[in-house]
Amino acid sequence: MPAPTIASIDAIALRIPFDHWAPAPLFAGRPRTTLDTVLVRVVTDGGVVGWGEAYGSFWSAVVAAIDEWVAPLAVGRRVDDVDLPGQIERTLHNLGRAGATVHAISGLDIALWDLRGKLAGVPVSTLLGGRRRDRVEAYASLLQYNGDLAQIRRIVDRALGEGFSQIKLHERTAAAAAAARAAAGPDVPLMVDTNCAWLPAQAVEAVAAFGPSNLLWIEEPIWPPEDFCALATVRAATGIATAIGENAGNALDFAKMRAANCVDYVQPSAIKIGGLTPLWRICTEAEAAGTTCVPHSPFFGPGYLATIQVLAAKDRESALERFYCDLAYDPCGAFAPIECGYLQVPDRPGLGGDPDPDLFARFRV
Ligand SMILES: [Mg+2]
C-alpha cells in the first residue's frame, strides 16, 4: 500500500476570551483579552485528519505563512517523511530564521506527528520511545498582576485551593515574589517569569533581590534573551537557577546556552521552535547534558497536547506549564482535564484528542 500523502492543509485562527480575574494584562504593548492561536488541519489522501498548532499571537501573519509558503511545499509529500518540516525550513530560510515562518512550520510538524500516531494506532508518546509516566503534574502559570500584591496573594490562594502545588508568576518585583511565597508557604515550588525585564548591567542586583523567596527558577531575566553570557553572569553571581528558551530563534540556540553555562531549565516551545521534532531533540539533548527541559506551553490546543506527550516520554519528570485563567472554551478540557493539579496523559492514537467543531463555530476569526 502506498504511503499516505498530504492532500490539504488549512490554517484556522482562533481567538478565545479568557478571564484571569483582574484587569487585562498587557501583551506586545496592548491589553490582552483573548488567547489567540492558529490550528493547522492536515488531511491525507486517504481522508485521515491530523491537527497541529502554531504560535498565533500574530495570527494573521502565521496564517499567511502557512497558506502562501508552507502548504505549497508540503501538499503531495509523504506523511511519514520526518525530514519534511526541516527541509521546508531550509527552503524558506531567507524569509527569516524565527518568527511567523518557523511558527507556521511548527504547526505542520505537530500535525504530522498526530497523523503518524493515528495511522499507527498509537499515542505520540509511543513514537517517542514510550511513556515513562501516565500522569503529569501541572503548574499554575499566573498571568500578570502588575505587582499588585493583594491580587497576587488572592490568585495564589485560589490556585492552591484548586489543587495546584507549583506556582509561577509573571511579575518583575521581589515584593511580588515575596507575597506569593508568603501566601504559598515555604514548600511550594515557586517560579518567576520576568519576560526579559533587565538590561545586563541591572540584572545581577535585580535578580539577587529575589533570593529570600527561594525560587525554583527565575525566567528570562535578561534583555535581550539571547545574551547568554549576561545570563551566565547573573546565574553565577546570584546562585539562583535560571530558565530560558521560549524566545529561542531556533534549536541551535539551546546548544549555545549549554556552551555558555547559563541555564538550569530549558524551555523550548512546541509551537514556536519548529514543532514537536525539535522540541524532542532539544529535550533529549538537554537532559542528557544534565539540564531539565520544562517546555513553554501557555497555550491550549494540539501544541499543548504535543507538550504533554513529550512530558510523558522524556527522561526527567517535570511539570506542565498551564496558563492559570478561565477560558471561554478549553479545547482539551473534555478529554485532558486537570484535576487537583494533575492530568492523565491521553492515550488515544495521535496527540490524544481532536478539536471540537464547536470551537471553530464560536471562536474562529
Ligand atoms: Mg515564560
# chains A, B, ... in the order shown; residues from 1 in each chain; ligands from 1

$ residues_near_ligand --ligand "ligand 1" --cutoff "9 Å" --atoms "only C-alpha atoms and all ligand atoms" --output "mmCIF file with N, CA and C atoms, in the first residue's frame"
data_model
loop_
_atom_site.group_PDB
_atom_site.id
_atom_site.type_symbol
_atom_site.label_atom_id
_atom_site.label_comp_id
_atom_site.auth_asym_id
_atom_site.auth_seq_id
_atom_site.Cartn_x
_atom_site.Cartn_y
_atom_site.Cartn_z
ATOM 1 N N SER A 141 0.528 28.724 35.979
ATOM 2 C CA SER A 141 1.313 29.826 35.433
ATOM 3 C C SER A 141 0.417 31.061 35.431
ATOM 4 N N HIS A 170 4.169 35.876 36.582
ATOM 5 C CA HIS A 170 4.704 36.743 35.535
ATOM 6 C C HIS A 170 4.776 38.152 36.130
ATOM 7 N N VAL A 192 9.440 32.560 38.881
ATOM 8 C CA VAL A 192 9.070 33.905 38.439
ATOM 9 C C VAL A 192 9.572 34.108 37.018
ATOM 10 N N ASP A 193 8.637 34.415 36.121
ATOM 11 C CA ASP A 193 8.966 34.748 34.734
ATOM 12 C C ASP A 193 8.960 36.265 34.611
ATOM 13 N N THR A 194 10.131 36.838 34.322
ATOM 14 C CA THR A 194 10.227 38.300 34.262
ATOM 15 C C THR A 194 10.097 38.838 32.845
ATOM 16 N N ASN A 195 9.970 37.944 31.849
ATOM 17 C CA ASN A 195 9.797 38.374 30.453
ATOM 18 C C ASN A 195 10.833 39.418 30.029
ATOM 19 N N GLU A 219 13.027 33.247 35.372
ATOM 20 C CA GLU A 219 12.884 33.009 33.935
ATOM 21 C C GLU A 219 13.134 34.288 33.153
ATOM 22 N N GLU A 220 13.975 34.190 32.141
ATOM 23 C CA GLU A 220 14.279 35.289 31.229
ATOM 24 C C GLU A 220 14.493 36.621 31.955
ATOM 25 N N ALA A 243 15.949 29.893 33.927
ATOM 26 C CA ALA A 243 15.185 29.214 32.877
ATOM 27 C C ALA A 243 15.118 30.137 31.671
ATOM 28 N N ILE A 244 15.214 29.539 30.485
ATOM 29 C CA ILE A 244 15.197 30.326 29.256
ATOM 30 C C ILE A 244 14.870 29.402 28.095
ATOM 31 N N GLY A 245 14.326 29.969 27.035
ATOM 32 C CA GLY A 245 14.151 29.181 25.812
ATOM 33 C C GLY A 245 12.918 29.474 24.985
ATOM 34 N N GLU A 246 11.898 30.098 25.573
ATOM 35 C CA GLU A 246 10.683 30.305 24.790
ATOM 36 C C GLU A 246 10.893 31.275 23.631
ATOM 37 N N ASN A 247 11.894 32.134 23.741
ATOM 38 C CA ASN A 247 12.165 33.081 22.659
ATOM 39 C C ASN A 247 13.380 32.685 21.826
ATOM 40 N N GLN A 267 13.503 25.803 28.012
ATOM 41 C CA GLN A 267 12.071 25.960 27.752
ATOM 42 C C GLN A 267 11.731 26.080 26.268
ATOM 43 N N HIS A 296 7.902 25.472 27.324
ATOM 44 C CA HIS A 296 6.967 26.601 27.329
ATOM 45 C C HIS A 296 5.637 26.090 26.779
ATOM 46 N N SER A 297 4.542 26.299 27.497
ATOM 47 C CA SER A 297 3.263 25.806 26.962
ATOM 48 C C SER A 297 2.048 26.578 27.468
ATOM 49 N N PRO A 298 2.067 27.916 27.426
ATOM 50 C CA PRO A 298 0.858 28.654 27.796
ATOM 51 C C PRO A 298 -0.112 28.752 26.614
ATOM 52 N N GLU A 321 3.467 23.511 32.076
ATOM 53 C CA GLU A 321 3.018 24.893 32.260
ATOM 54 C C GLU A 321 1.557 25.012 31.823
#

$ residues_around --residues "A:Glu137" --least-positions-apart "2" --cutoff "6 Å" --atoms "only C-alpha atoms" --output "list in words"
Ala319, Gly341 and Tyr342 of chain A

$ closest_atom_pairs --of "stretch 281-363 of chain A" --to "stretch 268-277 of chain A" --cutoff "12 Å" --atoms "only C-alpha atoms" --output "Markdown table"
| residue | atom | partner | partner_atom | distance |
| --- | --- | --- | --- | --- |
| A:Arg281 | CA | A:Thr277 | CA | 6.4 |
| A:Ile282 | CA | A:Pro268 | CA | 7.3 |
| A:Cys283 | CA | A:Pro268 | CA | 7.8 |
| A:Thr284 | CA | A:Thr277 | CA | 10.9 |
| A:Glu285 | CA | A:Pro268 | CA | 11.9 |
| A:Ala286 | CA | A:Pro268 | CA | 10.4 |
| A:Thr292 | CA | A:Pro268 | CA | 11.1 |
| A:Cys293 | CA | A:Pro268 | CA | 7.7 |
| A:Val294 | CA | A:Pro268 | CA | 7.7 |
| A:Pro295 | CA | A:Pro268 | CA | 5.1 |
| A:His296 | CA | A:Ser269 | CA | 4.7 |
| A:Ser297 | CA | A:Ser269 | CA | 6.4 |
| A:Pro298 | CA | A:Ser269 | CA | 9.3 |
| A:Phe299 | CA | A:Ile271 | CA | 8.9 |
| A:Phe300 | CA | A:Ile271 | CA | 10.8 |
| A:Gly301 | CA | A:Ile271 | CA | 10.0 |
| A:Pro302 | CA | A:Ile271 | CA | 9.0 |
| A:Gly303 | CA | A:Ile271 | CA | 5.8 |
| A:Tyr304 | CA | A:Ala270 | CA | 8.0 |
| A:Leu305 | CA | A:Ala270 | CA | 9.8 |
| A:Ala306 | CA | A:Leu276 | CA | 6.5 |
| A:Thr307 | CA | A:Ala270 | CA | 6.7 |
| A:Ile308 | CA | A:Ala270 | CA | 10.5 |
| A:Gln309 | CA | A:Leu276 | CA | 9.5 |
| A:Val310 | CA | A:Leu276 | CA | 8.2 |
| A:Leu311 | CA | A:Leu276 | CA | 11.6 |
| A:Leu320 | CA | A:Ser269 | CA | 11.9 |
| A:Glu321 | CA | A:Ser269 | CA | 10.8 |
| A:Leu351 | CA | A:Leu276 | CA | 10.7 |

$ closest_atom_pairs --of "stretch 89-119 of chain A" --to "stretch 64-74 of chain A" --cutoff "7 Å" --atoms "only C-alpha atoms" --output "tab-separated table"
residue	atom	partner	partner_atom	distance
A:Ala100	CA	A:Ala65	CA	6.6
A:Thr101	CA	A:Ala65	CA	5.7
A:Ala104	CA	A:Ile66	CA	5.4
A:Ile105	CA	A:Val70	CA	6.7

$ residues_around --residues "stretch 353-361 of chain A" --least-positions-apart "6" --cutoff "8 Å" --atoms "only C-alpha atoms" --output "ChimeraX atom specification"
/A:14,51,301-302,329,331-332,335,346

$ residues_around --residues "A:Glu89" --least-positions-apart "4" --cutoff "8 Å" --atoms "only C-alpha atoms" --output "PyMOL selection string"
chain A and resi 85+93+102+105

$ write_last_selection --atoms "C-alpha atoms" --output "mmCIF file, in the first residue's frame"
data_model
loop_
_atom_site.group_PDB
_atom_site.id
_atom_site.type_symbol
_atom_site.label_atom_id
_atom_site.label_comp_id
_atom_site.auth_asym_id
_atom_site.auth_seq_id
_atom_site.Cartn_x
_atom_site.Cartn_y
_atom_site.Cartn_z
ATOM 1 C CA PRO A 85 9.460 20.216 8.135
ATOM 2 C CA HIS A 93 15.392 30.220 5.377
ATOM 3 C CA VAL A 102 9.023 28.939 11.822
ATOM 4 C CA ILE A 105 6.279 25.097 10.231
#

$ residues_around --residues "A:Trp21" --least-positions-apart "6" --cutoff "10 Å" --atoms "only C-alpha atoms" --output "list in words"
Leu143, Tyr145, Gln151, Arg154, Ile155, Cys325 and Asp326 of chain A

$ select_by_dssp --residues "stretch 219-253 of chain A" --states "strand (DSSP E)" --output "list in words"
Glu219, Thr242, Ala243 and Ile244 of chain A

$ write_last_selection --atoms "N, CA, C and O atoms" --output "tab-separated table (two decimals), in the first residue's frame"
chain	number	residue	atom	x	y	z
A	219	GLU	N	13.03	33.25	35.37
A	219	GLU	CA	12.88	33.01	33.93
A	219	GLU	C	13.13	34.29	33.15
A	219	GLU	O	12.57	35.34	33.48
A	242	THR	N	18.28	29.42	36.65
A	242	THR	CA	17.70	30.18	35.54
A	242	THR	C	16.91	29.27	34.61
A	242	THR	O	17.18	28.08	34.50
A	243	ALA	N	15.95	29.89	33.93
A	243	ALA	CA	15.18	29.21	32.88
A	243	ALA	C	15.12	30.14	31.67
A	243	ALA	O	14.99	31.35	31.81
A	244	ILE	N	15.21	29.54	30.48
A	244	ILE	CA	15.20	30.33	29.26
A	244	ILE	C	14.87	29.40	28.10
A	244	ILE	O	15.09	28.19	28.18

$ select_by_dssp --residues "stretch 234-269 of chain A" --states "alpha helix (DSSP H)" --output "ChimeraX atom specification"
/A:234-238,252-260

$ closest_residue --among "A:Ala3, A:Leu199, A:Val136, A:Ala24" --to "A:Glu226" --atoms "only C-alpha atoms"
A:Leu199

$ atom_distance --atom1 "atom CA of A:Leu215" --atom2 "atom CA of A:Gln144"
17.6 Å

$ closest_residue --among "A:Ile222, A:Ile338, A:Ile9, A:Ile16" --to "A:Arg362" --atoms "only C-alpha atoms"
A:Ile16

$ atom_distance --atom1 "atom CA of A:Leu127" --atom2 "atom CA of A:Asp315"
14.7 Å

$ residues_around --residues "A:Gly50" --least-positions-apart "6" --cutoff "10 Å" --atoms "only C-alpha atoms" --output "number ranges by chain"
A: 9, 40-44, 108, 110-119, 302, 350-351, 353-354

$ atom_distance --atom1 "atom CA of A:Thr233" --atom2 "atom CA of A:Ala209"
15.4 Å

$ decode --residues "stretch 113-178 of chain A" --atoms "C-alpha atoms" --output "PDB file, in the first residue's frame"
ATOM      1  CA  TRP A 113       3.070  13.667  14.460  1.00  0.00           C
ATOM      2  CA  ASP A 114      -0.663  13.492  15.178  1.00  0.00           C
ATOM      3  CA  LEU A 115      -1.201  11.799  11.808  1.00  0.00           C
ATOM      4  CA  ARG A 116       1.653   9.333  12.303  1.00  0.00           C
ATOM      5  CA  GLY A 117       0.230   8.320  15.660  1.00  0.00           C
ATOM      6  CA  LYS A 118      -3.265   7.932  14.249  1.00  0.00           C
ATOM      7  CA  LEU A 119      -2.049   5.921  11.246  1.00  0.00           C
ATOM      8  CA  ALA A 120      -0.028   3.626  13.530  1.00  0.00           C
ATOM      9  CA  GLY A 121      -2.855   3.415  16.096  1.00  0.00           C
ATOM     10  CA  VAL A 122      -0.645   4.575  18.975  1.00  0.00           C
ATOM     11  CA  PRO A 123      -0.240   7.698  21.116  1.00  0.00           C
ATOM     12  CA  VAL A 124       2.588  10.004  20.096  1.00  0.00           C
ATOM     13  CA  SER A 125       4.442   9.147  23.319  1.00  0.00           C
ATOM     14  CA  THR A 126       4.837   5.608  21.954  1.00  0.00           C
ATOM     15  CA  LEU A 127       6.505   7.020  18.841  1.00  0.00           C
ATOM     16  CA  LEU A 128       8.874   8.899  21.173  1.00  0.00           C
ATOM     17  CA  GLY A 129      10.010   5.646  22.749  1.00  0.00           C
ATOM     18  CA  GLY A 130       7.171   5.031  25.161  1.00  0.00           C
ATOM     19  CA  ARG A 131       5.699   6.834  28.101  1.00  0.00           C
ATOM     20  CA  ARG A 132       7.541   6.781  31.389  1.00  0.00           C
ATOM     21  CA  ARG A 133       4.555   8.083  33.337  1.00  0.00           C
ATOM     22  CA  ASP A 134       0.770   8.039  32.928  1.00  0.00           C
ATOM     23  CA  ARG A 135       0.069  11.390  34.515  1.00  0.00           C
ATOM     24  CA  VAL A 136       1.872  14.692  34.685  1.00  0.00           C
ATOM     25  CA  GLU A 137       1.711  17.445  37.228  1.00  0.00           C
ATOM     26  CA  ALA A 138       0.667  20.882  36.005  1.00  0.00           C
ATOM     27  CA  TYR A 139       1.911  24.108  37.486  1.00  0.00           C
ATOM     28  CA  ALA A 140      -0.278  27.189  37.655  1.00  0.00           C
ATOM     29  CA  SER A 141       1.313  29.826  35.433  1.00  0.00           C
ATOM     30  CA  LEU A 142      -0.321  33.014  36.641  1.00  0.00           C
ATOM     31  CA  LEU A 143      -0.799  35.880  34.206  1.00  0.00           C
ATOM     32  CA  GLN A 144       0.334  39.431  35.010  1.00  0.00           C
ATOM     33  CA  TYR A 145      -0.981  41.284  38.021  1.00  0.00           C
ATOM     34  CA  ASN A 146       1.472  44.175  37.608  1.00  0.00           C
ATOM     35  CA  GLY A 147       2.904  43.946  41.086  1.00  0.00           C
ATOM     36  CA  ASP A 148      -0.484  44.187  42.813  1.00  0.00           C
ATOM     37  CA  LEU A 149       0.354  42.246  45.980  1.00  0.00           C
ATOM     38  CA  ALA A 150      -3.232  41.771  47.135  1.00  0.00           C
ATOM     39  CA  GLN A 151      -4.202  40.328  43.755  1.00  0.00           C
ATOM     40  CA  ILE A 152      -1.155  38.063  43.731  1.00  0.00           C
ATOM     41  CA  ARG A 153      -1.937  36.692  47.183  1.00  0.00           C
ATOM     42  CA  ARG A 154      -5.561  36.157  46.182  1.00  0.00           C
ATOM     43  CA  ILE A 155      -4.751  34.316  42.955  1.00  0.00           C
ATOM     44  CA  VAL A 156      -2.044  32.179  44.577  1.00  0.00           C
ATOM     45  CA  ASP A 157      -4.581  31.157  47.224  1.00  0.00           C
ATOM     46  CA  ARG A 158      -7.083  30.375  44.506  1.00  0.00           C
ATOM     47  CA  ALA A 159      -4.643  28.170  42.562  1.00  0.00           C
ATOM     48  CA  LEU A 160      -3.560  26.287  45.686  1.00  0.00           C
ATOM     49  CA  GLY A 161      -7.211  25.837  46.617  1.00  0.00           C
ATOM     50  CA  GLU A 162      -7.838  24.187  43.240  1.00  0.00           C
ATOM     51  CA  GLY A 163      -5.079  21.684  43.920  1.00  0.00           C
ATOM     52  CA  PHE A 164      -2.092  23.141  42.116  1.00  0.00           C
ATOM     53  CA  SER A 165       1.066  22.691  44.126  1.00  0.00           C
ATOM     54  CA  GLN A 166       3.545  24.621  41.970  1.00  0.00           C
ATOM     55  CA  ILE A 167       3.139  28.306  41.085  1.00  0.00           C
ATOM     56  CA  LYS A 168       4.747  30.614  38.531  1.00  0.00           C
ATOM     57  CA  LEU A 169       4.338  34.367  38.458  1.00  0.00           C
ATOM     58  CA  HIS A 170       4.704  36.743  35.535  1.00  0.00           C
ATOM     59  CA  GLU A 171       5.992  39.637  37.633  1.00  0.00           C
ATOM     60  CA  ARG A 172       9.090  41.782  37.940  1.00  0.00           C
ATOM     61  CA  THR A 173       9.400  42.744  41.600  1.00  0.00           C
ATOM     62  CA  ALA A 174      10.926  40.931  44.529  1.00  0.00           C
ATOM     63  CA  ALA A 175       7.943  42.117  46.576  1.00  0.00           C
ATOM     64  CA  ALA A 176       5.600  40.208  44.259  1.00  0.00           C
ATOM     65  CA  ALA A 177       7.609  37.025  44.734  1.00  0.00           C
ATOM     66  CA  ALA A 178       7.728  37.551  48.493  1.00  0.00           C
TER      67      ALA A 178
END
